[in-house]
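Listing of query30.tsv; format and content: TSV, C-alpha atoms and all ligand atoms.
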chain	number	residue	atom	x	y	z
O	179	MET	CA	-20.60	-8.38	-12.33
O	180	ASP	CA	-20.72	-4.59	-12.45
O	181	ILE	CA	-18.74	-2.94	-9.69
O	182	LEU	CA	-21.19	-0.29	-8.55
O	183	LYS	CA	-20.39	-0.30	-4.86
O	184	VAL	CA	-16.90	-0.68	-3.41
O	185	GLY	CA	-16.24	-1.36	0.27
O	186	VAL	CA	-12.92	-0.08	1.64
O	187	VAL	CA	-11.82	-1.36	5.05
O	188	GLY	CA	-9.44	1.04	6.82
O	189	ALA	CA	-9.60	4.82	6.36
O	190	GLY	CA	-5.90	5.56	6.89
O	191	ALA	CA	-3.33	6.92	4.44
O	192	MET	CA	-3.95	4.17	1.88
O	193	GLY	CA	-7.62	3.39	2.51
O	194	SER	CA	-8.70	7.02	2.07
O	195	GLY	CA	-6.69	7.37	-1.15
O	196	ILE	CA	-8.17	4.14	-2.52
O	197	ALA	CA	-11.69	5.23	-1.53
O	198	GLN	CA	-11.17	8.47	-3.45
O	199	LEU	CA	-9.96	6.60	-6.55
O	200	ALA	CA	-12.94	4.24	-6.44
O	201	ALA	CA	-15.36	7.18	-6.12
O	202	GLU	CA	-13.63	9.03	-8.96
O	203	SER	CA	-14.04	5.98	-11.16
O	204	GLY	CA	-17.81	6.15	-10.63
O	205	SER	CA	-18.50	3.69	-7.80
O	206	GLU	CA	-20.36	4.32	-4.60
O	207	VAL	CA	-17.92	3.80	-1.74
O	208	PHE	CA	-18.36	2.69	1.84
O	209	MET	CA	-15.19	3.35	3.83
O	210	GLN	CA	-15.09	1.59	7.18
O	211	ASP	CA	-12.77	2.07	10.16
O	212	VAL	CA	-12.90	1.20	13.85
O	213	ALA	CA	-13.65	4.70	15.20
O	214	GLU	CA	-15.25	7.95	14.04
O	215	GLU	CA	-11.99	9.88	14.49
O	216	PHE	CA	-10.26	7.71	11.84
O	217	ILE	CA	-13.18	8.11	9.44
O	218	LYS	CA	-13.08	11.88	9.92
O	219	LYS	CA	-9.34	11.96	9.34
O	220	GLY	CA	-9.74	9.89	6.15
O	221	LEU	CA	-12.58	12.03	4.79
O	222	ASP	CA	-10.68	15.23	5.66
O	223	SER	CA	-7.62	14.06	3.77
O	224	ILE	CA	-9.74	13.29	0.68
O	225	ASP	CA	-11.34	16.74	0.95
O	226	LYS	CA	-7.90	18.36	1.24
O	227	PHE	CA	-6.57	16.43	-1.74
O	228	LEU	CA	-9.51	17.48	-3.93
O	229	THR	CA	-9.29	21.10	-2.74
O	230	LYS	CA	-5.64	21.17	-3.84
O	231	GLY	CA	-6.82	19.78	-7.19
O	232	ILE	CA	-9.18	22.74	-7.53
O	233	GLU	CA	-6.36	25.17	-6.71
O	234	ARG	CA	-4.26	23.56	-9.43
O	235	GLY	CA	-7.12	23.74	-11.92
O	236	LYS	CA	-7.34	19.95	-12.25
O	237	VAL	CA	-10.68	19.45	-10.51
O	238	THR	CA	-13.84	21.57	-10.50
O	239	GLU	CA	-15.89	22.35	-7.41
O	240	GLU	CA	-18.73	20.20	-8.86
O	241	GLN	CA	-16.39	17.25	-9.43
O	242	LYS	CA	-15.12	17.51	-5.87
O	243	ASN	CA	-18.64	17.55	-4.47
O	244	GLU	CA	-19.67	14.66	-6.68
O	245	VAL	CA	-16.72	12.52	-5.56
O	246	LEU	CA	-17.31	13.35	-1.89
O	247	SER	CA	-21.02	12.59	-2.21
O	248	ARG	CA	-20.17	9.06	-3.36
O	249	ILE	CA	-18.09	8.26	-0.25
O	250	LYS	CA	-19.81	7.28	2.96
O	251	GLY	CA	-17.75	6.73	6.11
O	252	THR	CA	-18.91	4.19	8.65
O	253	THR	CA	-17.72	2.34	11.73
O	254	ARG	CA	-20.16	-0.52	11.02
O	255	ILE	CA	-18.60	-3.18	8.81
O	256	GLU	CA	-22.13	-4.55	8.19
O	257	GLU	CA	-22.75	-1.54	5.93
O	258	LEU	CA	-20.34	-3.13	3.45
O	259	GLY	CA	-22.64	-6.14	3.17
O	260	ASP	CA	-24.03	-5.29	-0.27
O	261	ALA	CA	-20.69	-4.20	-1.78
O	262	ASP	CA	-19.63	-5.65	-5.17
O	263	PHE	CA	-15.91	-5.45	-4.42
O	264	ILE	CA	-13.85	-5.11	-1.23
O	265	ILE	CA	-10.42	-3.56	-0.75
O	266	GLU	CA	-8.80	-3.93	2.66
O	267	ALA	CA	-6.19	-1.42	3.86
O	268	VAL	CA	-5.93	-1.96	7.64
O	269	PHE	CA	-2.74	-2.35	9.70
O	270	GLU	CA	0.02	-4.53	8.26
O	271	ASP	CA	-0.65	-7.43	10.63
O	272	LEU	CA	-1.67	-10.92	9.53
O	273	LYS	CA	-4.02	-11.54	12.46
O	274	VAL	CA	-5.79	-8.19	12.02
O	275	LYS	CA	-6.15	-8.75	8.28
O	276	GLN	CA	-7.39	-12.33	8.74
O	277	GLY	CA	-9.96	-11.06	11.25
O	278	VAL	CA	-11.24	-8.54	8.69
O	279	PHE	CA	-11.35	-11.13	5.88
O	280	GLU	CA	-13.18	-13.67	7.99
O	281	LYS	CA	-15.81	-11.12	8.92
O	282	ILE	CA	-16.22	-9.73	5.40
O	283	ASP	CA	-16.41	-13.26	3.96
O	284	GLY	CA	-19.49	-13.89	6.07
O	285	LEU	CA	-21.09	-10.59	5.04
O	286	VAL	CA	-20.81	-10.12	1.28
O	287	ALA	CA	-22.28	-12.19	-1.57
O	288	PRO	CA	-20.24	-15.30	-2.51
O	289	GLU	CA	-19.19	-13.93	-5.93
O	290	VAL	CA	-17.63	-10.75	-4.48
O	291	ILE	CA	-13.85	-10.36	-4.84
O	292	LEU	CA	-11.87	-9.48	-1.71
O	293	CYS	CA	-8.56	-7.65	-2.21
O	294	THR	CA	-5.84	-6.71	0.22
O	295	ASN	CA	-3.49	-3.75	-0.12
O	296	THR	CA	-0.82	-5.52	1.95
O	297	SER	CA	2.77	-4.52	1.17
O	298	SER	CA	4.31	-7.76	2.33
O	299	ILE	CA	1.97	-10.35	3.84
O	300	SER	CA	1.18	-13.53	1.89
O	301	ILE	CA	-2.09	-13.27	-0.04
O	302	THR	CA	-2.60	-17.03	0.38
O	303	GLU	CA	-2.35	-16.75	4.18
O	304	ILE	CA	-4.85	-13.88	4.30
O	305	ALA	CA	-7.19	-15.79	1.94
O	306	ALA	CA	-7.05	-18.79	4.30
O	307	ALA	CA	-9.38	-16.87	6.64
O	308	THR	CA	-12.13	-17.06	3.97
O	309	LYS	CA	-14.15	-19.74	2.22
O	310	ARG	CA	-13.43	-18.15	-1.17
O	311	PRO	CA	-9.63	-18.18	-1.65
O	312	ASP	CA	-10.17	-18.21	-5.44
O	313	LYS	CA	-11.75	-14.75	-5.11
O	314	VAL	CA	-8.97	-13.22	-3.01
O	315	ALA	CA	-6.08	-11.26	-4.55
O	316	GLY	CA	-3.55	-8.59	-3.72
O	317	MET	CA	-4.15	-5.07	-5.03
O	318	HIS	CA	-1.05	-3.18	-3.98
O	319	PHE	CA	-1.34	0.57	-4.44
O	320	PHE	CA	1.61	2.87	-3.77
O	321	ASN	CA	1.63	5.94	-1.56
O	322	PRO	CA	0.01	8.39	-2.29
O	323	ALA	CA	-2.51	6.14	-4.02
O	324	GLN	CA	-4.13	9.03	-5.90
O	325	ILE	CA	-0.83	9.92	-7.58
O	326	MET	CA	1.30	6.80	-7.95
O	327	ARG	CA	0.40	5.09	-11.21
O	328	LEU	CA	1.38	1.51	-10.47
O	329	VAL	CA	-0.81	-1.18	-8.94
O	330	GLU	CA	0.69	-4.63	-8.34
O	331	VAL	CA	-2.07	-7.21	-8.80
O	332	ILE	CA	-0.94	-10.29	-6.90
O	333	ARG	CA	-2.09	-13.84	-7.41
O	334	GLY	CA	-2.60	-15.82	-4.24
O	335	HIS	CA	-2.00	-19.55	-4.61
O	336	TYR	CA	-5.72	-20.12	-5.24
O	337	SER	CA	-6.73	-16.88	-7.04
O	338	SER	CA	-8.69	-17.66	-10.22
O	339	ASP	CA	-7.89	-16.17	-13.63
O	340	GLU	CA	-11.26	-14.47	-13.58
O	341	THR	CA	-10.47	-12.80	-10.25
O	342	ILE	CA	-7.14	-11.48	-11.53
O	343	GLU	CA	-8.75	-10.18	-14.75
O	344	THR	CA	-11.45	-8.35	-12.78
O	345	VAL	CA	-8.90	-6.76	-10.43
O	346	ILE	CA	-6.75	-5.66	-13.38
O	347	ASP	CA	-9.82	-4.13	-15.06
O	348	LEU	CA	-10.79	-2.26	-11.90
O	349	ALA	CA	-7.24	-0.92	-11.46
O	350	LYS	CA	-7.39	0.38	-15.06
O	351	ARG	CA	-10.79	1.92	-14.43
O	352	MET	CA	-9.20	3.74	-11.49
O	353	GLY	CA	-6.67	5.23	-13.92
O	354	LYS	CA	-3.81	2.97	-12.83
O	355	GLU	CA	-1.23	0.90	-14.72
O	356	PRO	CA	-1.51	-2.59	-13.23
O	357	ILE	CA	1.10	-5.33	-13.47
O	358	GLU	CA	0.41	-8.95	-12.67
O	359	VAL	CA	2.53	-10.59	-9.99
O	360	LYS	CA	2.13	-14.20	-11.02
O	361	ARG	CA	3.22	-15.78	-7.73
O	362	ASP	CA	2.55	-14.96	-4.11
O	363	SER	CA	6.17	-14.14	-3.31
O	364	PRO	CA	7.57	-11.90	-0.52
O	365	GLY	CA	8.09	-8.28	-1.57
O	366	PHE	CA	6.20	-8.86	-4.82
O	367	VAL	CA	8.15	-6.92	-7.51
O	368	VAL	CA	8.79	-3.36	-6.37
O	369	ASN	CA	9.98	-4.00	-2.81
O	370	ARG	CA	12.12	-6.89	-3.97
O	371	ILE	CA	13.99	-4.49	-6.26
O	372	LEU	CA	13.90	-1.52	-3.90
O	373	MET	CA	15.29	-3.09	-0.71
O	374	PRO	CA	18.65	-4.24	-2.16
O	375	HIS	CA	18.95	-0.74	-3.70
O	376	PHE	CA	18.51	0.84	-0.24
O	377	ILE	CA	20.80	-1.71	1.40
O	378	GLU	CA	23.63	-1.14	-1.10
O	379	ALA	CA	23.34	2.65	-0.66
O	380	ILE	CA	23.69	2.32	3.13
O	381	ARG	CA	26.62	-0.09	2.79
O	382	ILE	CA	28.43	2.36	0.52
O	383	VAL	CA	28.13	4.98	3.29
O	384	GLU	CA	29.09	2.44	6.01
O	385	GLU	CA	32.23	1.52	4.07
O	386	GLY	CA	33.22	5.18	3.77
O	387	ILE	CA	33.08	5.09	-0.03
O	388	ALA	CA	30.86	8.16	-0.38
O	389	SER	CA	28.71	10.48	1.74
O	390	ILE	CA	24.90	10.32	2.03
O	391	GLU	CA	24.65	13.52	-0.04
O	392	ASP	CA	26.90	12.17	-2.77
O	393	VAL	CA	25.13	8.78	-2.98
O	394	ASP	CA	21.81	10.60	-3.47
O	395	LYS	CA	23.41	12.91	-6.03
O	396	ALA	CA	24.98	9.97	-7.87
O	397	VAL	CA	21.66	8.16	-8.20
O	398	ARG	CA	19.72	11.29	-9.19
O	399	LEU	CA	22.20	12.51	-11.78
O	400	GLY	CA	23.83	9.25	-12.88
O	401	LEU	CA	20.71	7.08	-13.08
O	402	ASN	CA	18.19	9.85	-13.65
O	403	TYR	CA	16.03	8.70	-10.73
O	404	PRO	CA	13.84	11.48	-9.31
O	405	MET	CA	15.10	10.83	-5.74
O	406	GLY	CA	18.26	9.43	-4.24
O	407	PRO	CA	17.94	6.32	-2.01
O	408	PHE	CA	18.35	8.25	1.27
O	409	GLU	CA	15.74	10.83	0.26
O	410	LEU	CA	13.42	8.00	-0.74
O	411	MET	CA	14.00	6.06	2.50
O	412	ASP	CA	13.13	9.20	4.49
O	413	PHE	CA	10.00	9.65	2.38
O	414	THR	CA	8.76	6.06	2.67
O	415	GLY	CA	9.79	5.63	6.35
O	416	ASN	CA	13.08	4.20	7.60
O	417	ASP	CA	11.46	2.04	10.28
O	418	ILE	CA	9.09	0.54	7.71
O	419	GLY	CA	12.02	-0.05	5.34
O	420	TYR	CA	13.95	-1.80	8.12
O	421	HIS	CA	11.00	-4.10	8.88
O	422	VAL	CA	10.50	-4.91	5.20
O	423	MET	CA	14.20	-5.81	4.89
O	424	GLU	CA	14.01	-8.08	7.94
O	425	TYR	CA	10.88	-9.70	6.54
O	426	LEU	CA	12.44	-10.34	3.10
O	427	HIS	CA	15.66	-11.57	4.68
O	428	ASN	CA	13.75	-14.11	6.80
O	429	GLU	CA	11.37	-15.19	4.05
O	430	LEU	CA	13.88	-15.38	1.18
O	431	ASN	CA	16.45	-17.85	2.55
O	432	LYS	CA	18.45	-15.28	4.59
O	433	GLU	CA	19.98	-13.93	1.40
O	434	LEU	CA	22.64	-11.32	2.20
O	435	LYS	CA	21.20	-8.91	-0.34
O	436	PHE	CA	18.14	-8.45	1.92
O	437	SER	CA	20.01	-8.28	5.23
O	438	PRO	CA	19.45	-4.87	6.93
O	439	PRO	CA	22.78	-3.03	7.31
O	440	ASN	CA	24.04	-2.37	10.85
O	441	LEU	CA	23.89	1.39	10.45
O	442	LEU	CA	20.16	1.30	9.67
O	443	LYS	CA	19.47	-1.23	12.43
O	444	THR	CA	21.28	0.85	15.04
O	445	LEU	CA	19.75	4.19	14.04
O	446	VAL	CA	16.19	2.84	13.88
O	447	ARG	CA	16.56	1.01	17.21
O	448	ALA	CA	18.08	4.12	18.81
O	449	GLY	CA	15.07	6.12	17.65
O	450	ARG	CA	17.26	8.33	15.43
O	451	LEU	CA	15.50	7.26	12.23
O	452	GLY	CA	11.81	6.52	12.09
O	453	LYS	CA	8.33	7.91	11.82
O	454	LYS	CA	8.67	10.17	14.85
O	455	THR	CA	12.17	11.43	14.08
O	456	ALA	CA	12.38	14.66	12.15
O	457	GLY	CA	15.24	15.20	9.76
O	458	GLY	CA	15.92	11.68	8.55
O	459	TRP	CA	19.27	10.53	7.19
O	460	TYR	CA	20.64	14.03	6.66
O	461	ASN	CA	20.34	14.72	10.42
O	462	SER	CA	21.29	11.28	11.64
D	501	LIG	N1	1.65	3.76	3.72
D	501	LIG	C1	2.24	3.21	2.67
D	501	LIG	O1	3.22	3.73	2.12
D	501	LIG	C2	1.68	1.94	2.08
D	501	LIG	C3	1.88	1.68	0.72
D	501	LIG	C4	1.32	0.52	0.16
D	501	LIG	C5	0.61	-0.36	0.97
D	501	LIG	N2	0.45	-0.09	2.29
D	501	LIG	C6	-0.32	-1.03	3.09
D	501	LIG	O2	-1.63	-0.52	3.24
D	501	LIG	C7	-2.16	-0.94	4.50
D	501	LIG	C8	-2.59	0.29	5.30
D	501	LIG	O3	-1.49	1.13	5.47
D	501	LIG	P1	-1.67	2.68	5.84
D	501	LIG	O4	-0.36	3.33	5.61
D	501	LIG	O5	-2.89	3.23	5.20
D	501	LIG	O6	-1.92	2.56	7.42
D	501	LIG	P2	-2.63	3.60	8.40
D	501	LIG	O7	-2.11	3.30	9.74
D	501	LIG	O8	-2.55	4.99	7.86
D	501	LIG	O9	-4.18	3.17	8.31
D	501	LIG	C9	-4.66	1.94	8.76
D	501	LIG	C10	-6.10	2.16	9.20
D	501	LIG	O10	-6.70	0.89	9.44
D	501	LIG	C11	-7.57	1.02	10.53
D	501	LIG	N3	-7.84	-0.29	11.10
D	501	LIG	C12	-7.05	-1.07	11.88
D	501	LIG	N4	-7.66	-2.22	12.19
D	501	LIG	C13	-8.88	-2.17	11.58
D	501	LIG	C14	-9.98	-3.07	11.54
D	501	LIG	N5	-9.94	-4.24	12.15
D	501	LIG	N6	-11.07	-2.71	10.84
D	501	LIG	C15	-11.12	-1.51	10.20
D	501	LIG	N7	-10.11	-0.62	10.21
D	501	LIG	C16	-9.00	-0.95	10.90
D	501	LIG	C17	-6.83	1.97	11.47
D	501	LIG	O11	-7.71	2.54	12.43
D	501	LIG	C18	-6.23	2.96	10.50
D	501	LIG	O12	-7.08	4.08	10.29
D	501	LIG	C19	-1.06	-1.79	5.17
D	501	LIG	O13	-1.29	-3.13	4.87
D	501	LIG	C20	0.20	-1.27	4.49
D	501	LIG	O14	1.24	-2.23	4.50
D	501	LIG	C21	0.96	1.06	2.86

Before anything else, please render the file you have as structure tokens.
Ligand SMILES: NC(=O)c1ccc[n+]([C@@H]2O[C@H](COP(=O)([O-])OP(=O)(O)OC[C@H]3O[C@@H](n4cnc5c(N)ncnc54)[C@H](O)[C@@H]3O)[C@@H](O)[C@H]2O)c1
Amino acid sequence: MDILKVGVVGAGAMGSGIAQLAAESGSEVFMQDVAEEFIKKGLDSIDKFLTKGIERGKVTEEQKNEVLSRIKGTTRIEELGDADFIIEAVFEDLKVKQGVFEKIDGLVAPEVILCTNTSSISITEIAAATKRPDKVAGMHFFNPAQIMRLVEVIRGHYSSDETIETVIDLAKRMGKEPIEVKRDSPGFVVNRILMPHFIEAIRIVEEGIASIEDVDKAVRLGLNYPMGPFELMDFTGNDIGYHVMEYLHNELNKELKFSPPNLLKTLVRAGRLGKKTAGGWYNS
């Protein structure tokens, strides 16, 4: 089946980036959210991203207009009814995602694949809200979706080989480098590696072995990573990181390597580290 029309549910940070990628790869895109203000915000951020591309000489004015003309924002999920492929990027909440999948399942043709951009929730549990679990998979983009090259393509327990192949092909068409996550396992690949890395960095500081600055410096210069763990935690969100650690710790047999360190727990709970706190670790 040709993927001519892509439906994106959720116009937030990830949904808008994914909608842009789908439009750039030649599809018509319907991007749905619950209120006009979220649609406007999503469309504005795509516009801004493409305008920056023009300033950097990477995109022409015509290309920008062409991409924007392929994206239609809507608050009516029914408008996604004739889509050939669906990508969901709503809040990270099982009940909300299941609600979306149940609704979409009743709207689109039976052969249409439904993907979720969840960072942590089980694909199999989300797919349980549909009558087509073989056509449900994870398509995990990284933030910002337009820039980060990796897409984790995750097999739910019932995802068919054909579904996974189609999702991998679409990710490639969007200019991404997909990897297949062969089992529906908490944290998939990247977060499973990343969280113990964050946790060990915080423990080194807790134990007085080195300062925040020096741990970041050590990782940047000694491992040649572009960012140290504290810089990266501030970038990806300390409160989100904390919740992901708690989730992995609970789901993966309470293994110590996923247990959130006290320092992070305390600072997030005290409101010193989190989305609304400026400064991050270096001001904590
Ligand atoms: N931000 C990241 O770094 C990142 C990276 C990879 C994956 N993800 C995942 O992507 C998903 C979205 O994250 P985000 O950062 O874009 O969140 P966000 O808060 O920026 O956007 C979520 C959007 O979903 C909309 N929404 C909520 N319920 C809806 C519904 N029932 N129908 C339609 N729209 C609805 C909200 O109004 C909001 O605009 C989450 O599952 C998250 O775990 C996030």

Quick one: 8 Å padding each side, axis-aligned, all listed atoms of range 194-203 of chain O - centre and edge lengths in Å to one decimal, as JSON?
{"center_x": -11.0, "center_y": 6.6, "center_z": -4.5, "size_x": 24.7, "size_y": 20.9, "size_z": 29.2}

Residues within 6 Å of ligand LIG 501 (chain D) should be enumerated using only C-alpha atoms and all ligand atoms and returned as a ChimeraX atom specification. /O:187-193,210-212,216,267-270,274,278,295-297,318-321

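Atom pair CA of Val383 in chain O / CA of Phe366 in chain O: separated by 27.2 Å.
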
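One finds CA of Ile299 in chain O at 24.5 Å from CA of Ala213 in chain O.
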
Could you give me, as a compact mmCIF listing (two decimals) with C-alpha atoms, in the coordinates of the input, the residues within 10 Å of Gly458 in chain O, counting all atoms listed in the file and dropping anything in the same chain fewer than 5 positions from it?
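To be explicit, this is the file written out as selection_8.txt:
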# COMPACT_ATOMS: atom_id res chain seq x y z
CA PHE O 408 18.35 8.25 1.27
CA GLU O 409 15.74 10.83 0.26
CA MET O 411 14.00 6.06 2.50
CA ASP O 412 13.13 9.20 4.49
CA PHE O 413 10.00 9.65 2.38
CA GLY O 415 9.79 5.63 6.35
CA ASN O 416 13.08 4.20 7.60
CA ARG O 450 17.26 8.33 15.43
CA LEU O 451 15.50 7.26 12.23
CA GLY O 452 11.81 6.52 12.09
CA LYS O 453 8.33 7.91 11.82

Rounded to one decimal, what separation in Å do you get between CA of Glu289 in chain O and CA of Ile264 in chain O? 11.3 Å

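Proximity to range 223-240 of chain O at 9 Å, evaluated using only C-alpha atoms and with sequence-adjacent residues fewer than 5 positions away removed, yields Ala191, Ser194, Gly195, Ala197, Gln198, Lys218, Val245, Leu246 and Gln324 of chain O.
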
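Shortest separation to Leu328 in chain O among O:Asp312, O:Glu358, O:Asp283, O:Asp392 occurs at residue O:Glu358, atoms counted being only C-alpha atoms.
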
List as a ChimeraX atom specification: which residues have an atom within 12 Å of (-14.1, -1.9, -5.1), counting all atoms listed in the file? /O:179-187,193,196-209,249,258,260-267,290-295,317,344-349,351-352

Would you tabulate, counting only C-alpha atoms, all residues of range 341-409 of chain O that have an atom at most 9 Å from an atom of range 433-438 of chain O, showing the closest pair of atoms and their distance in Å to one decimal, sorted by chain then ascending number, as CSV?
residue,atom,partner,partner_atom,distance
O:Arg370,CA,O:Phe436,CA,8.6
O:Met373,CA,O:Phe436,CA,6.6
O:Pro374,CA,O:Lys435,CA,5.6
O:Ile377,CA,O:Pro438,CA,6.5
O:Glu378,CA,O:Lys435,CA,8.2

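Proximity to His375 in chain O was assessed for O:Pro288, O:Gly406, O:Gly316, O:Gly334 counting all atoms listed in the file; the smallest distance is recorded for O:Gly406.
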
Among listed residues O:Gly400, O:Asp271, O:Ile282, O:Ser337, nearest Glu257 in chain O (using all atoms listed in the file): O:Ile282

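Comparing O:Gly251, O:Gly365, O:Pro311, O:Gly259 by their smallest distance to Ser298 in chain O, the closest is O:Gly365 (using all atoms listed in the file).
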
Could you list, as a list in words, every residue within 9 Å of Met405 in chain O, counting all atoms listed in the file and ignoring same-chain residues fewer than 5 positions away? Asp394, Lys395, Val397, Arg398 and Leu410 of chain O

For the residues selected in the previous step, produce a file with C-alpha atoms as a PDB file, in the coordinates of the input.
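Output saved as again18.pdb:
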ATOM      1  CA  ASP O 394      21.810  10.600  -3.470  1.00  0.00           C
ATOM      2  CA  LYS O 395      23.410  12.910  -6.030  1.00  0.00           C
ATOM      3  CA  VAL O 397      21.660   8.160  -8.200  1.00  0.00           C
ATOM      4  CA  ARG O 398      19.720  11.290  -9.190  1.00  0.00           C
ATOM      5  CA  LEU O 410      13.420   8.000  -0.740  1.00  0.00           C
TER       6      LEU O 410
END

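Distances here use all atoms listed in the file; by that measure, the residue among O:Thr253, O:Asn402, O:Ser338, O:Thr444 closest to Arg310 in chain O is O:Ser338.
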